[in-house]
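Structure data follow from run_23.cif (mmCIF, C-alpha atoms):
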data_query
#
loop_
_atom_site.group_PDB
_atom_site.id
_atom_site.type_symbol
_atom_site.label_atom_id
_atom_site.label_comp_id
_atom_site.auth_asym_id
_atom_site.auth_seq_id
_atom_site.Cartn_x
_atom_site.Cartn_y
_atom_site.Cartn_z
ATOM 1 C CA MET Y 1 -16.537 3.953 -3.684
ATOM 2 C CA LYS Y 2 -16.173 0.308 -4.712
ATOM 3 C CA GLN Y 3 -15.042 1.487 -8.161
ATOM 4 C CA LYS Y 4 -11.704 2.344 -6.510
ATOM 5 C CA ILE Y 5 -11.116 -1.386 -5.920
ATOM 6 C CA ILE Y 6 -9.726 -2.940 -9.078
ATOM 7 C CA GLY Y 7 -7.766 -6.016 -10.091
ATOM 8 C CA LYS Y 8 -4.073 -5.888 -10.888
ATOM 9 C CA LYS Y 9 -4.491 -6.044 -14.682
ATOM 10 C CA GLU Y 10 -6.989 -3.186 -14.706
ATOM 11 C CA LEU Y 11 -4.817 -1.214 -12.275
ATOM 12 C CA LEU Y 12 -1.802 -1.554 -14.584
ATOM 13 C CA ARG Y 13 -3.858 -0.201 -17.499
ATOM 14 C CA VAL Y 14 -5.185 2.720 -15.431
ATOM 15 C CA ILE Y 15 -1.745 3.621 -14.038
ATOM 16 C CA LYS Y 16 -0.148 3.510 -17.487
ATOM 17 C CA ASN Y 17 -2.798 5.943 -18.732
ATOM 18 C CA LEU Y 18 -2.339 8.239 -15.731
ATOM 19 C CA LYS Y 19 1.433 8.295 -16.209
ATOM 20 C CA THR Y 20 1.060 9.303 -19.864
ATOM 21 C CA ARG Y 21 -1.001 12.243 -18.583
ATOM 22 C CA GLY Y 22 1.902 13.266 -16.319
ATOM 23 C CA LYS Y 23 0.424 12.086 -13.019
ATOM 24 C CA ARG Y 24 2.804 11.269 -10.155
ATOM 25 C CA ILE Y 25 1.919 7.830 -8.737
ATOM 26 C CA VAL Y 26 2.336 7.061 -5.020
ATOM 27 C CA PHE Y 27 2.148 3.470 -3.798
ATOM 28 C CA THR Y 28 1.831 2.000 -0.340
ATOM 29 C CA ASN Y 29 0.632 -1.295 1.022
ATOM 30 C CA GLY Y 30 -0.391 -3.069 4.169
ATOM 31 C CA CYS Y 31 -2.826 -5.347 5.924
ATOM 32 C CA PHE Y 32 -5.048 -2.493 7.159
ATOM 33 C CA ASP Y 33 -6.789 -4.881 9.515
ATOM 34 C CA LEU Y 34 -9.116 -2.663 11.569
ATOM 35 C CA LEU Y 35 -8.383 0.809 10.302
ATOM 36 C CA HIS Y 36 -7.264 3.224 13.034
ATOM 37 C CA ILE Y 37 -6.154 6.868 13.269
ATOM 38 C CA GLY Y 38 -2.509 5.962 12.603
ATOM 39 C CA HIS Y 39 -3.537 4.460 9.259
ATOM 40 C CA ILE Y 40 -5.597 7.524 8.361
ATOM 41 C CA ARG Y 41 -2.756 9.957 9.105
ATOM 42 C CA TYR Y 42 -0.272 7.770 7.244
ATOM 43 C CA LEU Y 43 -2.483 7.528 4.131
ATOM 44 C CA GLU Y 44 -3.307 11.239 4.149
ATOM 45 C CA LYS Y 45 0.414 12.087 4.325
ATOM 46 C CA ALA Y 46 1.217 9.564 1.583
ATOM 47 C CA ARG Y 47 -1.368 11.200 -0.694
ATOM 48 C CA THR Y 48 0.375 14.573 -0.405
ATOM 49 C CA LEU Y 49 3.476 13.097 -2.050
ATOM 50 C CA GLY Y 50 1.895 12.753 -5.495
ATOM 51 C CA ASP Y 51 -1.230 12.972 -7.628
ATOM 52 C CA ILE Y 52 -2.600 9.433 -7.274
ATOM 53 C CA LEU Y 53 -2.437 7.160 -4.221
ATOM 54 C CA VAL Y 54 -2.569 3.422 -4.896
ATOM 55 C CA VAL Y 55 -2.937 1.086 -1.925
ATOM 56 C CA GLY Y 56 -2.050 -2.601 -2.092
ATOM 57 C CA VAL Y 57 -3.977 -4.645 0.492
ATOM 58 C CA ASN Y 58 -2.637 -7.987 1.664
ATOM 59 C CA SER Y 59 -4.996 -10.889 0.959
ATOM 60 C CA ASP Y 60 -6.382 -12.926 3.842
ATOM 61 C CA SER Y 61 -3.897 -15.741 3.253
ATOM 62 C CA SER Y 62 -0.900 -13.384 3.235
ATOM 63 C CA VAL Y 63 -2.120 -11.675 6.435
ATOM 64 C CA ARG Y 64 -2.321 -15.093 8.152
ATOM 65 C CA ILE Y 65 1.268 -15.812 7.125
ATOM 66 C CA LEU Y 66 2.465 -12.391 8.310
ATOM 67 C CA LYS Y 67 0.363 -11.928 11.444
ATOM 68 C CA GLY Y 68 -0.680 -15.402 12.593
ATOM 69 C CA PRO Y 69 -3.651 -17.763 12.367
ATOM 70 C CA LYS Y 70 -6.117 -15.467 14.170
ATOM 71 C CA ARG Y 71 -5.732 -12.698 11.609
ATOM 72 C CA PRO Y 72 -7.099 -10.995 9.660
ATOM 73 C CA ILE Y 73 -9.996 -9.779 11.727
ATOM 74 C CA LEU Y 74 -11.802 -8.490 8.637
ATOM 75 C CA PRO Y 75 -11.698 -10.141 5.189
ATOM 76 C CA ALA Y 76 -9.665 -8.452 2.446
ATOM 77 C CA LYS Y 77 -12.720 -7.322 0.478
ATOM 78 C CA GLU Y 78 -14.094 -5.514 3.529
ATOM 79 C CA ARG Y 79 -10.708 -3.971 4.356
ATOM 80 C CA ALA Y 80 -10.473 -2.717 0.762
ATOM 81 C CA GLU Y 81 -14.025 -1.357 0.852
ATOM 82 C CA ILE Y 82 -13.331 0.546 4.073
ATOM 83 C CA LEU Y 83 -10.216 2.086 2.486
ATOM 84 C CA SER Y 84 -12.256 3.030 -0.576
ATOM 85 C CA GLY Y 85 -14.258 5.392 1.616
ATOM 86 C CA LEU Y 86 -11.197 7.558 2.247
ATOM 87 C CA GLY Y 87 -10.874 10.578 -0.012
ATOM 88 C CA CYS Y 88 -7.083 10.357 -0.003
ATOM 89 C CA VAL Y 89 -7.098 6.869 -1.598
ATOM 90 C CA ASP Y 90 -7.552 6.709 -5.369
ATOM 91 C CA TYR Y 91 -7.125 2.997 -6.168
ATOM 92 C CA ILE Y 92 -6.936 -0.223 -4.184
ATOM 93 C CA THR Y 93 -5.893 -3.693 -5.231
ATOM 94 C CA ILE Y 94 -5.622 -6.902 -3.228
ATOM 95 C CA PHE Y 95 -2.465 -8.987 -3.647
ATOM 96 C CA ASN Y 96 -1.745 -12.554 -2.513
ATOM 97 C CA GLU Y 97 2.008 -12.447 -2.011
ATOM 98 C CA GLN Y 98 3.610 -11.855 1.402
ATOM 99 C CA ASP Y 99 5.176 -8.678 0.070
ATOM 100 C CA PRO Y 100 4.118 -6.432 -2.812
ATOM 101 C CA LEU Y 101 7.404 -6.612 -4.723
ATOM 102 C CA LYS Y 102 5.777 -8.087 -7.869
ATOM 103 C CA LEU Y 103 3.062 -5.448 -7.768
ATOM 104 C CA ILE Y 104 5.562 -2.621 -7.276
ATOM 105 C CA THR Y 105 7.743 -3.990 -10.071
ATOM 106 C CA SER Y 106 4.830 -3.945 -12.481
ATOM 107 C CA LEU Y 107 3.415 -0.555 -11.402
ATOM 108 C CA HIS Y 108 6.720 1.363 -11.244
ATOM 109 C CA PRO Y 109 5.381 4.080 -8.927
ATOM 110 C CA HIS Y 110 7.182 7.408 -8.672
ATOM 111 C CA VAL Y 111 6.941 7.373 -4.893
ATOM 112 C CA LEU Y 112 6.932 4.381 -2.562
ATOM 113 C CA VAL Y 113 5.664 5.006 0.972
ATOM 114 C CA LYS Y 114 6.296 2.517 3.729
ATOM 115 C CA GLY Y 115 5.033 2.622 7.295
ATOM 116 C CA GLY Y 116 7.494 2.114 10.103
ATOM 117 C CA THR Y 117 10.947 3.332 10.923
ATOM 118 C CA GLY Y 118 13.205 0.858 9.114
ATOM 119 C CA GLN Y 119 16.245 1.991 7.164
ATOM 120 C CA LYS Y 120 15.910 2.354 3.414
ATOM 121 C CA ASN Y 121 18.745 -0.034 2.599
ATOM 122 C CA ARG Y 122 17.220 -2.789 4.775
ATOM 123 C CA LEU Y 123 13.795 -2.783 3.168
ATOM 124 C CA TRP Y 124 13.069 -4.984 0.171
ATOM 125 C CA GLU Y 125 11.422 -1.938 -1.378
ATOM 126 C CA GLY Y 126 14.703 -0.079 -1.131
ATOM 127 C CA MET Y 127 16.557 -3.030 -2.633
ATOM 128 C CA TRP Y 128 14.240 -3.010 -5.646
ATOM 129 C CA LEU Y 129 14.490 0.742 -6.095
ATOM 130 C CA LYS Y 130 18.264 0.878 -5.630
ATOM 131 C CA GLY Y 131 20.042 1.514 -8.895
ATOM 132 C CA ARG Y 132 16.908 2.374 -10.889
ATOM 133 C CA GLU Y 133 17.463 5.024 -13.518
ATOM 134 C CA GLU Y 134 14.179 6.877 -13.104
ATOM 135 C CA LYS Y 135 13.624 9.302 -10.253
ATOM 136 C CA TRP Y 136 11.942 7.719 -7.253
ATOM 137 C CA SER Y 137 11.412 8.410 -3.611
ATOM 138 C CA LEU Y 138 10.983 6.153 -0.609
ATOM 139 C CA PHE Y 139 9.325 7.666 2.425
ATOM 140 C CA LEU Y 140 9.113 6.021 5.816
ATOM 141 C CA LEU Y 141 6.105 7.217 7.778
ATOM 142 C CA SER Y 142 5.036 6.106 11.220
ATOM 143 C CA LYS Y 143 1.573 4.531 11.254
ATOM 144 C CA GLY Y 144 1.119 4.616 15.025
ATOM 145 C CA PRO Y 145 0.861 1.638 17.351
ATOM 146 C CA PRO Y 146 0.613 -1.838 15.843
ATOM 147 C CA LEU Y 147 -2.905 -3.274 15.887
ATOM 148 C CA GLN Y 148 -1.815 -6.004 18.307
ATOM 149 C CA THR Y 149 -1.075 -3.275 20.871
ATOM 150 C CA LEU Y 150 -4.553 -1.832 20.387
ATOM 151 C CA LEU Y 151 -6.216 -5.250 20.764
ATOM 152 C CA GLU Y 152 -4.411 -6.314 23.940
ATOM 153 C CA PRO Y 153 -6.230 -5.538 27.209
ATOM 154 C CA SER Y 154 -4.460 -2.978 29.410
#

Just dump the structure as structure tokens.
Amino acid sequence: MKQKIIGKKELLRVIKNLKTRGKRIVFTNGCFDLLHIGHIRYLEKARTLGDILVVGVNSDSSVRILKGPKRPILPAKERAEILSGLGCVDYITIFNEQDPLKLITSLHPHVLVKGGTGQKNRLWEGMWLKGREEKWSLFLLSKGPPLQTLLEPS
């Protein structure tokens, strides 16, 4: 399963090859800190939107910036390895930026899937995709409760 985890340069080469073979590329990203059923459902649904599902995983440093000094709970390599065990996930790469805009810009996926309920025109993903000539889709899927809710005692 670890062969699903590849660096950005290798991922770009693989995706370019897959596109030339007519494969529809789906991209999503997240921290995926302690995988839960909401993540599984979200990723399974994302996979149905194309032929190949690529998952960008936030690095440890970017998770700390986004979620606070006590996060992540698991290191990025372990989070990526856990995701690699899911049949719906084809490729995984770890990125250091707070958002995956650079990664998305270089991959040019056909479909971009984002967890949550935000409006397309408010998301940076939507801003990047707006005005692009090629056909694209942005799907907003609910992942379930945030991890913080699951970690807090009742």

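For the atom pair formed by atom CA of Ser59 of chain Y and atom CA of Val89 of chain Y, the distance is 18.1 Å, given to one decimal.
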
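Closest to Lys23 of chain Y among Y:Gly56, Y:Gly7, Y:Gly50, Y:Pro75 is Y:Gly50, based on only C-alpha atoms.
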
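One finds atom CA of Thr48 of chain Y at 21.7 Å from atom CA of Gln3 of chain Y.
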
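All residues of protein, DNA or RNA that reach within 7 Å of Val26 of chain Y, judged by all atoms listed in the file and not counting those fewer than 5 positions away in the chain, are Leu49, Gly50, Ile52, Leu53, Val54, Pro109, His110, Val111 and Leu112 of chain Y.
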
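Proximity ranking of Y:Leu12, Y:Asn96, Y:Leu34, Y:Lys102 relative to Leu66 of chain Y places Y:Asn96 first, based on all atoms listed in the file.
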
Name all residues at most 8 Å from Thr93 of chain Y (count all atoms listed in the file; drop same-chain ones fewer than 3 positions away) and give them as an MDAnalysis selection string.
-> chainID Y and resid 5:8 11 54:57 80

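Distances here use all atoms listed in the file; by that measure, the residue among Y:Arg47, Y:Lys2, Y:Lys9, Y:Lys114 closest to Arg24 of chain Y is Y:Arg47.
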